[in-house]
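Have a look at my_file.csv below; it lists CSV, C-alpha atoms and all ligand atoms.
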chain,number,residue,atom,x,y,z
A,66,MET,CA,110.5,140.7,178.2
A,67,LYS,CA,113.0,138.7,176.2
A,68,ALA,CA,113.8,139.6,172.6
A,69,ASN,CA,116.2,138.6,170.0
A,70,CYS,CA,118.3,141.7,169.1
A,71,TRP,CA,120.8,142.6,166.5
A,72,TYR,CA,124.2,143.7,167.9
A,73,GLY,CA,126.3,143.7,164.8
A,74,LYS,CA,127.4,141.5,161.9
A,75,GLN,CA,126.6,137.9,162.9
A,76,ASP,CA,126.0,138.9,166.4
A,77,MET,CA,122.5,138.3,167.7
A,78,ARG,CA,121.6,138.2,171.4
A,79,VAL,CA,118.5,137.3,173.3
A,80,VAL,CA,118.3,140.0,176.0
A,81,ASP,CA,115.8,141.8,178.3
A,82,VAL,CA,114.1,144.8,176.7
A,83,PRO,CA,111.2,146.9,177.9
A,84,ASP,CA,107.7,145.6,177.1
A,85,PRO,CA,106.0,147.4,174.3
A,86,ASN,CA,103.2,149.9,175.0
A,87,ILE,CA,100.3,151.2,172.9
A,88,LEU,CA,101.6,154.4,171.3
A,89,ASN,CA,98.8,155.0,168.9
A,90,LYS,CA,95.1,154.5,169.2
A,91,LYS,CA,95.1,152.0,166.3
A,92,ASP,CA,97.8,149.8,167.9
A,93,ALA,CA,97.5,146.4,169.4
A,94,ILE,CA,99.9,144.5,171.6
A,95,VAL,CA,100.4,140.9,170.5
A,96,LYS,CA,101.7,138.2,172.8
A,97,VAL,CA,103.8,136.1,170.4
A,98,SER,CA,103.1,132.4,170.2
A,99,SER,CA,105.4,131.7,167.2
A,100,ALA,CA,108.0,133.6,165.2
A,101,ALA,CA,110.1,132.5,162.3
A,102,ILE,CA,113.5,133.5,161.0
A,103,CYS,CA,113.3,134.8,157.4
A,104,GLY,CA,115.9,134.4,154.7
A,105,SER,CA,115.8,138.2,154.2
A,106,GLU,CA,117.0,138.6,157.7
A,107,LEU,CA,120.2,137.0,156.8
A,108,HIS,CA,121.0,140.2,154.9
A,109,LEU,CA,120.7,142.0,158.2
A,110,TYR,CA,122.7,139.3,160.0
A,111,ASN,CA,125.5,139.5,157.5
A,112,GLY,CA,125.6,143.2,157.6
A,113,PHE,CA,124.4,144.1,154.1
A,114,VAL,CA,121.6,146.3,155.2
A,115,PRO,CA,122.6,149.8,156.4
A,116,THR,CA,120.9,151.7,159.4
A,117,MET,CA,120.7,148.7,161.8
A,118,GLU,CA,121.4,149.8,165.4
A,119,GLN,CA,122.6,147.8,168.3
A,120,GLY,CA,119.7,146.4,170.3
A,121,ASP,CA,117.2,146.4,167.4
A,122,VAL,CA,114.6,143.7,167.9
A,123,MET,CA,114.5,141.3,165.0
A,124,GLY,CA,111.6,139.5,163.3
A,125,HIS,CA,108.9,140.2,160.9
A,126,GLU,CA,107.2,136.7,160.7
A,127,PHE,CA,105.1,136.2,163.8
A,128,MET,CA,101.7,135.5,165.2
A,129,GLY,CA,100.1,135.3,168.6
A,130,GLU,CA,97.3,136.5,170.8
A,131,ILE,CA,96.1,140.1,171.2
A,132,VAL,CA,96.5,141.2,174.8
A,133,GLU,CA,95.8,144.9,174.5
A,134,VAL,CA,94.1,147.2,171.9
A,135,GLY,CA,94.1,150.9,171.4
A,136,PRO,CA,90.7,152.7,171.6
A,137,GLU,CA,90.4,153.0,167.8
A,138,VAL,CA,91.0,149.3,167.0
A,139,LYS,CA,87.6,148.3,165.7
A,140,GLN,CA,87.9,144.8,164.1
A,141,ARG,CA,90.1,143.1,166.7
A,142,ARG,CA,89.7,142.5,170.4
A,143,VAL,CA,91.7,141.2,173.3
A,144,GLY,CA,91.9,137.4,173.1
A,145,ASP,CA,91.9,137.2,169.2
A,146,ARG,CA,94.5,134.9,167.7
A,147,VAL,CA,96.1,136.7,164.8
A,148,VAL,CA,98.8,136.4,162.2
A,149,VAL,CA,100.6,139.8,161.5
A,150,ALA,CA,101.6,140.9,158.0
A,151,PHE,CA,105.2,142.0,157.8
A,152,PRO,CA,104.7,145.5,156.1
A,153,ILE,CA,103.0,148.0,158.3
A,154,SER,CA,100.2,149.7,156.4
A,155,CYS,CA,97.6,152.4,157.3
A,156,GLY,CA,94.8,151.1,155.0
A,157,GLN,CA,93.8,154.7,154.1
A,158,CYS,CA,96.5,156.3,151.9
A,159,PHE,CA,96.9,156.5,148.1
A,160,PHE,CA,98.8,153.3,148.0
A,161,CYS,CA,96.8,151.3,150.5
A,162,LYS,CA,93.6,152.1,148.7
A,163,LYS,CA,95.2,150.5,145.6
A,164,GLU,CA,96.2,147.5,147.7
A,165,LEU,CA,99.8,148.4,147.3
A,166,TYR,CA,100.3,147.9,151.0
A,167,SER,CA,104.1,147.6,151.1
A,168,LEU,CA,104.2,151.1,149.6
A,169,CYS,CA,102.1,152.7,152.4
A,170,GLU,CA,103.1,156.3,152.7
A,171,ASN,CA,102.1,156.8,156.3
A,172,THR,CA,104.1,154.1,158.2
A,173,ASN,CA,107.8,154.9,157.8
A,174,PRO,CA,108.8,157.6,160.2
A,175,ASN,CA,112.3,157.5,158.6
A,176,ALA,CA,111.0,158.1,155.1
A,177,TRP,CA,113.6,160.7,154.6
A,178,MET,CA,116.3,158.1,155.0
A,179,ALA,CA,114.7,155.7,152.4
A,180,GLU,CA,114.2,158.6,150.0
A,181,LYS,CA,118.0,159.1,149.9
A,182,PHE,CA,118.5,155.5,148.8
A,183,PHE,CA,115.4,154.9,146.7
A,184,GLY,CA,114.0,158.3,145.7
A,185,HIS,CA,110.8,157.4,147.5
A,186,SER,CA,110.1,155.5,150.7
A,187,PRO,CA,108.4,152.1,151.0
A,188,ALA,CA,106.2,151.2,154.0
A,189,GLY,CA,107.5,150.5,157.5
A,190,ILE,CA,108.5,146.9,158.2
A,191,TYR,CA,108.9,145.1,161.5
A,192,GLY,CA,112.5,144.5,162.6
A,193,TYR,CA,114.1,145.5,159.3
A,194,SER,CA,116.5,148.4,159.9
A,195,HIS,CA,115.8,152.0,160.5
A,196,LEU,CA,115.5,152.6,156.8
A,197,THR,CA,112.1,151.0,157.1
A,198,GLY,CA,111.1,152.6,160.3
A,199,GLY,CA,113.1,151.0,163.1
A,200,PHE,CA,110.1,149.1,164.3
A,201,ALA,CA,110.7,146.5,167.0
A,202,GLY,CA,110.1,143.0,165.5
A,203,GLY,CA,108.3,139.9,166.6
A,204,GLN,CA,111.2,137.7,167.7
A,205,ALA,CA,110.1,138.6,171.2
A,206,GLU,CA,107.6,137.8,173.8
A,207,TYR,CA,105.4,140.8,172.9
A,208,VAL,CA,105.2,143.2,170.0
A,209,ARG,CA,103.4,146.4,169.2
A,210,VAL,CA,101.3,146.1,166.0
A,211,PRO,CA,100.4,149.5,164.5
A,212,PHE,CA,97.2,149.7,162.5
A,213,ALA,CA,96.1,146.3,163.9
A,214,ASP,CA,92.8,146.3,162.0
A,215,VAL,CA,94.7,146.4,158.6
A,216,GLY,CA,97.8,144.4,159.4
A,217,THR,CA,96.4,141.3,161.1
A,218,ILE,CA,94.2,138.4,160.1
A,219,LYS,CA,92.1,136.6,162.8
A,220,ILE,CA,92.6,132.8,162.9
A,221,GLU,CA,89.5,130.9,164.0
A,222,ASN,CA,89.5,127.4,162.6
A,223,GLY,CA,91.8,125.6,164.9
A,224,PHE,CA,94.8,125.6,162.6
A,225,SER,CA,98.2,125.0,164.2
A,226,ASP,CA,100.6,128.0,164.3
A,227,GLU,CA,102.8,126.3,161.7
A,228,GLN,CA,99.9,126.0,159.2
A,229,VAL,CA,99.1,129.8,159.3
A,230,LEU,CA,102.3,131.5,160.5
A,231,PHE,CA,103.7,131.9,157.0
A,232,LEU,CA,100.8,134.2,155.9
A,233,SER,CA,103.0,136.8,157.6
A,234,ASP,CA,105.4,136.8,154.7
A,235,ILE,CA,106.8,133.9,152.8
A,236,PHE,CA,103.6,132.3,151.5
A,237,PRO,CA,102.2,135.7,150.2
A,238,THR,CA,105.7,136.5,148.9
A,239,GLY,CA,106.0,133.3,146.9
A,240,TYR,CA,102.4,133.7,145.8
A,241,MET,CA,102.8,137.3,144.6
A,242,ALA,CA,106.0,136.4,142.8
A,243,ALA,CA,104.1,133.6,141.0
A,244,GLU,CA,101.1,135.9,140.3
A,245,GLN,CA,103.5,138.5,138.8
A,246,CYS,CA,104.5,135.8,136.2
A,247,ASN,CA,101.0,136.0,134.7
A,248,ILE,CA,101.1,132.2,134.2
A,249,GLN,CA,99.2,130.9,131.2
A,250,PRO,CA,98.2,127.2,130.6
A,251,GLY,CA,101.2,125.2,129.5
A,252,ASP,CA,103.7,127.7,130.9
A,253,THR,CA,107.1,126.7,132.3
A,254,VAL,CA,108.3,128.7,135.3
A,255,ALA,CA,112.0,128.6,136.3
A,256,ILE,CA,112.8,129.6,139.9
A,257,TRP,CA,116.2,130.5,141.2
A,258,GLY,CA,116.5,129.7,144.9
A,259,CYS,CA,114.8,126.9,146.8
A,260,GLY,CA,114.8,128.7,150.2
A,261,PRO,CA,111.5,129.2,152.0
A,262,VAL,CA,110.2,131.8,149.5
A,263,GLY,CA,111.3,129.7,146.5
A,264,GLN,CA,109.4,126.7,148.0
A,265,PHE,CA,106.2,128.7,148.3
A,266,ALA,CA,106.8,130.1,144.8
A,267,ILE,CA,107.0,126.6,143.4
A,268,ARG,CA,103.7,125.5,145.0
A,269,SER,CA,102.0,128.9,144.1
A,270,ALA,CA,103.1,128.6,140.5
A,271,PHE,CA,101.3,125.2,140.3
A,272,LEU,CA,98.3,126.6,142.2
A,273,LEU,CA,98.1,129.3,139.5
A,274,GLY,CA,98.2,126.9,136.6
A,275,ALA,CA,101.9,126.4,135.6
A,276,GLU,CA,102.5,123.2,133.7
A,277,ARG,CA,106.1,122.8,134.8
A,278,VAL,CA,108.3,124.4,137.4
A,279,ILE,CA,112.1,124.1,137.2
A,280,ALA,CA,113.8,125.0,140.5
A,281,ILE,CA,117.5,125.8,140.8
A,282,ASP,CA,119.6,125.5,143.9
A,283,ARG,CA,122.7,123.7,145.2
A,284,PHE,CA,121.6,122.2,148.6
A,285,PRO,CA,120.2,118.7,148.4
A,286,ALA,CA,117.6,119.2,151.1
A,287,ARG,CA,116.2,122.2,149.3
A,288,LEU,CA,116.2,120.5,145.9
A,289,GLN,CA,114.4,117.5,147.5
A,290,MET,CA,111.7,119.7,149.0
A,291,ALA,CA,111.3,121.4,145.6
A,292,ARG,CA,110.8,118.0,144.0
A,293,ASN,CA,108.3,117.1,146.8
A,294,GLY,CA,106.4,120.2,145.6
A,295,GLY,CA,106.3,118.9,142.0
A,296,ALA,CA,109.3,120.8,140.5
A,297,ASP,CA,112.0,119.5,138.3
A,298,THR,CA,115.3,120.6,139.7
A,299,ILE,CA,118.8,121.8,138.6
A,300,ASP,CA,121.8,121.7,140.9
A,301,TYR,CA,123.8,124.7,139.6
A,302,GLU,CA,127.0,123.3,140.9
A,303,GLU,CA,126.6,120.2,138.7
A,304,THR,CA,125.2,121.5,135.4
A,305,ASP,CA,125.1,124.7,133.4
A,306,VAL,CA,121.8,126.3,134.2
A,307,TYR,CA,121.3,128.2,131.0
A,308,ASP,CA,122.1,125.1,128.8
A,309,THR,CA,119.9,122.8,130.9
A,310,LEU,CA,117.0,125.3,130.8
A,311,MET,CA,117.3,125.5,127.0
A,312,GLN,CA,117.3,121.7,126.7
A,313,LEU,CA,114.2,121.5,128.9
A,314,THR,CA,112.3,124.1,126.9
A,315,GLY,CA,113.1,123.3,123.3
A,316,GLY,CA,115.7,126.0,123.1
A,317,ARG,CA,113.2,128.8,123.7
A,318,GLY,CA,113.6,129.4,127.4
A,319,PRO,CA,111.2,129.4,130.3
A,320,ASP,CA,108.0,131.5,129.9
A,321,SER,CA,108.8,133.2,133.2
A,322,CYS,CA,111.9,133.3,135.4
A,323,MET,CA,111.9,134.1,139.1
A,324,ASP,CA,114.8,135.4,141.2
A,325,ALA,CA,114.0,134.1,144.7
A,326,VAL,CA,117.7,134.6,145.8
A,327,GLY,CA,118.4,138.3,146.0
A,328,LEU,CA,121.5,140.1,146.9
A,329,GLU,CA,123.7,137.4,148.4
A,330,ALA,CA,123.7,135.0,145.4
A,331,HIS,CA,126.3,132.3,144.8
A,332,MET,CA,127.3,130.8,141.5
A,333,PRO,CA,130.4,129.1,140.2
A,334,GLY,CA,132.4,131.1,137.8
A,335,LEU,CA,134.4,134.4,137.4
A,336,LEU,CA,131.4,136.7,137.6
A,337,TYR,CA,130.7,135.6,141.1
A,338,TYR,CA,134.2,136.6,142.3
A,339,TYR,CA,133.8,139.9,140.3
A,340,ASP,CA,130.7,140.6,142.4
A,341,ARG,CA,132.3,139.5,145.7
A,342,ILE,CA,135.2,141.8,145.2
A,343,LYS,CA,133.1,144.7,144.1
A,344,GLN,CA,130.9,144.2,147.1
A,345,ALA,CA,133.8,144.0,149.5
A,346,MET,CA,135.2,147.2,148.0
A,347,MET,CA,131.7,148.8,148.5
A,348,SER,CA,131.5,149.7,144.8
A,349,GLU,CA,128.5,147.4,144.4
A,350,SER,CA,126.1,146.7,147.2
A,351,ASP,CA,124.4,143.6,145.9
A,352,ARG,CA,125.4,140.5,144.0
A,353,PRO,CA,122.8,140.0,141.2
A,354,ILE,CA,124.1,136.7,139.9
A,355,ALA,CA,120.8,134.8,139.9
A,356,LEU,CA,119.0,137.9,138.4
A,357,ARG,CA,121.4,138.1,135.5
A,358,GLN,CA,121.0,134.4,134.7
A,359,ALA,CA,117.2,134.7,135.0
A,360,ILE,CA,117.2,137.6,132.5
A,361,MET,CA,119.5,135.7,130.1
A,362,ALA,CA,117.5,132.5,130.2
A,363,CYS,CA,114.0,133.9,130.0
A,364,ARG,CA,112.2,133.4,126.7
A,365,ASN,CA,111.6,136.4,124.5
A,366,GLY,CA,108.6,138.4,125.6
A,367,GLY,CA,108.7,136.6,129.0
A,368,THR,CA,108.5,137.8,132.5
A,369,VAL,CA,111.2,138.1,135.2
A,370,SER,CA,109.7,138.2,138.7
A,371,ILE,CA,111.9,139.2,141.6
A,372,PRO,CA,110.8,138.4,145.1
A,373,GLY,CA,114.5,138.3,146.1
A,374,VAL,CA,115.6,141.3,148.2
A,375,TYR,CA,117.9,143.9,146.8
A,376,GLY,CA,119.3,146.8,148.8
A,377,ALA,CA,120.8,149.3,146.4
A,378,LEU,CA,123.1,149.0,143.4
A,379,ILE,CA,124.0,146.2,141.1
A,380,ASP,CA,126.6,145.9,138.4
A,381,LYS,CA,126.6,144.4,134.9
A,382,MET,CA,122.8,144.4,134.7
A,383,PRO,CA,122.0,142.9,131.2
A,384,MET,CA,119.6,145.8,130.3
A,385,GLY,CA,120.2,145.1,126.6
A,386,ALA,CA,118.7,141.6,127.0
A,387,VAL,CA,115.7,143.1,128.9
A,388,MET,CA,115.1,145.6,126.1
A,389,ASN,CA,115.8,143.5,123.0
A,390,LYS,CA,114.0,140.4,124.3
A,391,ALA,CA,111.0,142.6,125.3
A,392,LEU,CA,111.0,141.2,128.9
A,393,THR,CA,108.7,142.4,131.6
A,394,ILE,CA,110.3,142.8,135.1
A,395,LYS,CA,108.1,142.7,138.1
A,396,THR,CA,109.2,143.0,141.7
A,397,GLY,CA,108.3,144.7,145.0
A,398,GLN,CA,108.1,144.0,148.7
A,399,THR,CA,105.0,141.9,149.1
A,400,HIS,CA,101.6,143.6,149.5
A,401,CYS,CA,101.0,141.1,152.2
A,402,GLN,CA,97.7,142.3,153.6
A,403,ARG,CA,96.2,141.8,150.1
A,404,TYR,CA,96.8,138.0,150.4
A,405,LEU,CA,96.0,137.3,154.0
A,406,LYS,CA,92.3,136.3,153.4
A,407,PRO,CA,92.6,134.6,150.0
A,408,LEU,CA,95.6,132.5,151.1
A,409,LEU,CA,94.0,131.6,154.5
A,410,ASP,CA,91.0,130.4,152.3
A,411,ARG,CA,93.5,128.3,150.2
A,412,ILE,CA,94.8,126.7,153.4
A,413,ALA,CA,91.2,126.1,154.7
A,414,HIS,CA,90.3,124.5,151.4
A,415,GLY,CA,93.3,122.1,151.7
A,416,ASP,CA,95.0,123.5,148.5
A,417,ILE,CA,98.2,123.8,150.5
A,418,ASP,CA,99.5,123.1,154.1
A,419,PRO,CA,102.3,125.6,154.6
A,420,SER,CA,103.8,123.7,157.5
A,421,PHE,CA,105.7,121.5,155.0
A,422,VAL,CA,108.5,124.1,155.0
A,423,VAL,CA,109.4,123.8,158.7
A,424,THR,CA,112.6,121.9,159.2
A,425,HIS,CA,113.6,123.2,162.7
A,426,ARG,CA,111.8,124.2,165.9
A,427,MET,CA,113.5,125.9,168.8
A,428,ARG,CA,113.0,128.3,171.7
A,429,LEU,CA,113.3,132.0,171.3
A,430,ALA,CA,116.3,131.8,173.6
A,431,GLU,CA,118.1,129.8,171.0
A,432,ALA,CA,117.6,132.4,168.2
A,433,PRO,CA,121.3,133.3,167.9
A,434,GLN,CA,122.1,129.6,167.2
A,435,GLY,CA,119.2,129.4,164.8
A,436,PHE,CA,120.5,132.3,162.8
A,437,ASP,CA,123.9,130.7,162.7
A,438,MET,CA,122.5,127.4,161.5
A,439,PHE,CA,120.2,128.9,158.9
A,440,ASN,CA,123.0,131.2,157.6
A,441,ARG,CA,125.3,128.2,157.1
A,442,LYS,CA,122.5,126.0,155.7
A,443,GLN,CA,123.5,123.4,158.3
A,444,ASP,CA,121.5,120.3,159.0
A,445,GLY,CA,119.2,120.7,156.0
A,446,CYS,CA,117.9,123.9,157.6
A,447,ILE,CA,115.2,125.6,155.5
A,448,LYS,CA,112.8,127.2,158.0
A,449,ILE,CA,113.1,127.7,161.7
A,450,VAL,CA,110.1,128.4,163.9
A,451,MET,CA,110.7,129.6,167.4
A,452,THR,CA,108.4,129.7,170.5
A,453,PRO,CA,109.0,132.0,173.4
B,501,ZN,ZN,110.4,137.4,155.8
B,502,ZN,ZN,98.8,153.4,153.7

Could you quickly redo this structure as structure tokens?
Amino acid sequence: MKANCWYGKQDMRVVDVPDPNILNKKDAIVKVSSAAICGSELHLYNGFVPTMEQGDVMGHEFMGEIVEVGPEVKQRRVGDRVVVAFPISCGQCFFCKKELYSLCENTNPNAWMAEKFFGHSPAGIYGYSHLTGGFAGGQAEYVRVPFADVGTIKIENGFSDEQVLFLSDIFPTGYMAAEQCNIQPGDTVAIWGCGPVGQFAIRSAFLLGAERVIAIDRFPARLQMARNGGADTIDYEETDVYDTLMQLTGGRGPDSCMDAVGLEAHMPGLLYYYDRIKQAMMSESDRPIALRQAIMACRNGGTVSIPGVYGALIDKMPMGAVMNKALTIKTGQTHCQRYLKPLLDRIAHGDIDPSFVVTHRMRLAEAPQGFDMFNRKQDGCIKIVMTP
């Protein structure tokens, strides 16, 4: 089959790889109908995530039709149309029973590697380095889905792929990030980053009762999409973000601040170059520019929610601000399985149509060009959906 594979920094190739097989009785094989490129994959593309190997199959946002099931798959059968959650979770362990699916302790065969970096291992993730299991991803014609009963949701109501595909990651990710803000009536939520997750975070914040959302980015198409979702916007290359947020909130700061940017942040100013240099010298792995600003701008007693991906170490973390302002910090890989059903219900009720985020459609064979375009934010690119 064809699959989009990682071959090195900014080197993706669509090549022939062996078809996947059932390896475990709880596996299913899914014939992919649509797969998206995720912003978090740019960190792999740009070589910021260790333990990638040549030939690794990319992709953790995909859906399709089940074409084969293992003997212990009980809830799904051949022919089911499903969306697959990006973390791989057993449904039975200490963490899965608490619905902390992205922390499943049974699905990362390379847990020892992750423990070296993090102290403990998170769950396995499709197509996201060997640190999270080395699982082949869904930017392919077929994919093996372990624990298919737990990690899939069946789609029955005739939705288009683009309406439900983002249940795989970015809709739940934006939603969980907004939920972590514990939004109260009258609240203002500030969101750094108007990429796909930021866009869903904006709409989720309103779904959860925010009075105002202020979205921060520099790309006109992204800011426009944020305004389409009801947000006020700040272009950080034109105005000082902290000062503008204070003006907009009576000097107190937003009730919650969200970093939907993660480790490859940009920002004018000296600190950005400080981070670039430290990152290049490998003495800091991540550039936490948006995070620092979110912490500094957040009102006293507020919440900083971090859906943005971080890999390892950051520098100049304003911990004094966190402590003295009594901030709550919430983060985590998304417990995607927890949100599949409630958010599919939201879509069915017409609260949101996730297909708004799609700006580009292409064939799987064009995946390398898609990554390049998305990485450079060319042509107003916000979300690419590929079909085999
Ligand atoms: Zn993703
Ligand atoms: Zn588990």

- Message: Could you list, as JSON, numbers by chain, all residues that come within 8 Å of ligand ZN 502 (chain B)? Count only C-alpha atoms and all ligand atoms.
- Response: {"A": [154, 155, 156, 157, 158, 159, 160, 161, 162, 166, 168, 169, 170, 171, 172, 188]}

- Query: What separation in Å, quoted to one decimal, exists between atom CA of Lys219 of chain A and atom CA of Arg411 of chain A?
  - Reply: 15.2 Å

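With all atoms listed in the file as the atoms that count, the set of residues no farther than 7 Å from ligand ZN 501 (chain B) is A:Cys103, A:Gly104, A:Ser105, A:Glu106, A:His125, A:Glu126, A:Asp234, A:Ile235.
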
- atom CA of Pro211 of chain A and atom CA of Gly184 of chain A, how far apart in Å? 24.8 Å

Write out, as JSON lines, each residue of segment 368-432 of chain A that has an atom at most 9 Å from segment 442-446 of chain A, together with the closest pair of atoms and their distance in Å to one decimal, counting all atoms listed in the file, rows going by chain and rising number.
{"residue": "A:Val423", "atom": "CA", "partner": "A:Cys446", "partner_atom": "CA", "distance": 8.6}
{"residue": "A:Thr424", "atom": "CA", "partner": "A:Cys446", "partner_atom": "CA", "distance": 5.9}
{"residue": "A:His425", "atom": "CA", "partner": "A:Cys446", "partner_atom": "CA", "distance": 6.7}

Hey, could you make a per-residue contact list for segment 333-413 of chain A against segment 307-319 of chain A with 8 Å as the cut-off, showing the nearest pair of atoms and its distance in Å to one decimal, counting only C-alpha atoms, sorted by chain and number, as CSV?
residue,atom,partner,partner_atom,distance
A:Gln358,CA,A:Tyr307,CA,7.2
A:Met361,CA,A:Tyr307,CA,7.8
A:Ala362,CA,A:Gly318,CA,5.7
A:Cys363,CA,A:Gly318,CA,5.2
A:Arg364,CA,A:Gly318,CA,4.3
A:Asn365,CA,A:Arg317,CA,7.8
A:Gly367,CA,A:Pro319,CA,7.7

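A straight line drawn from atom CA of Ile394 of chain A to atom CA of Phe265 of chain A is 19.7 Å long.
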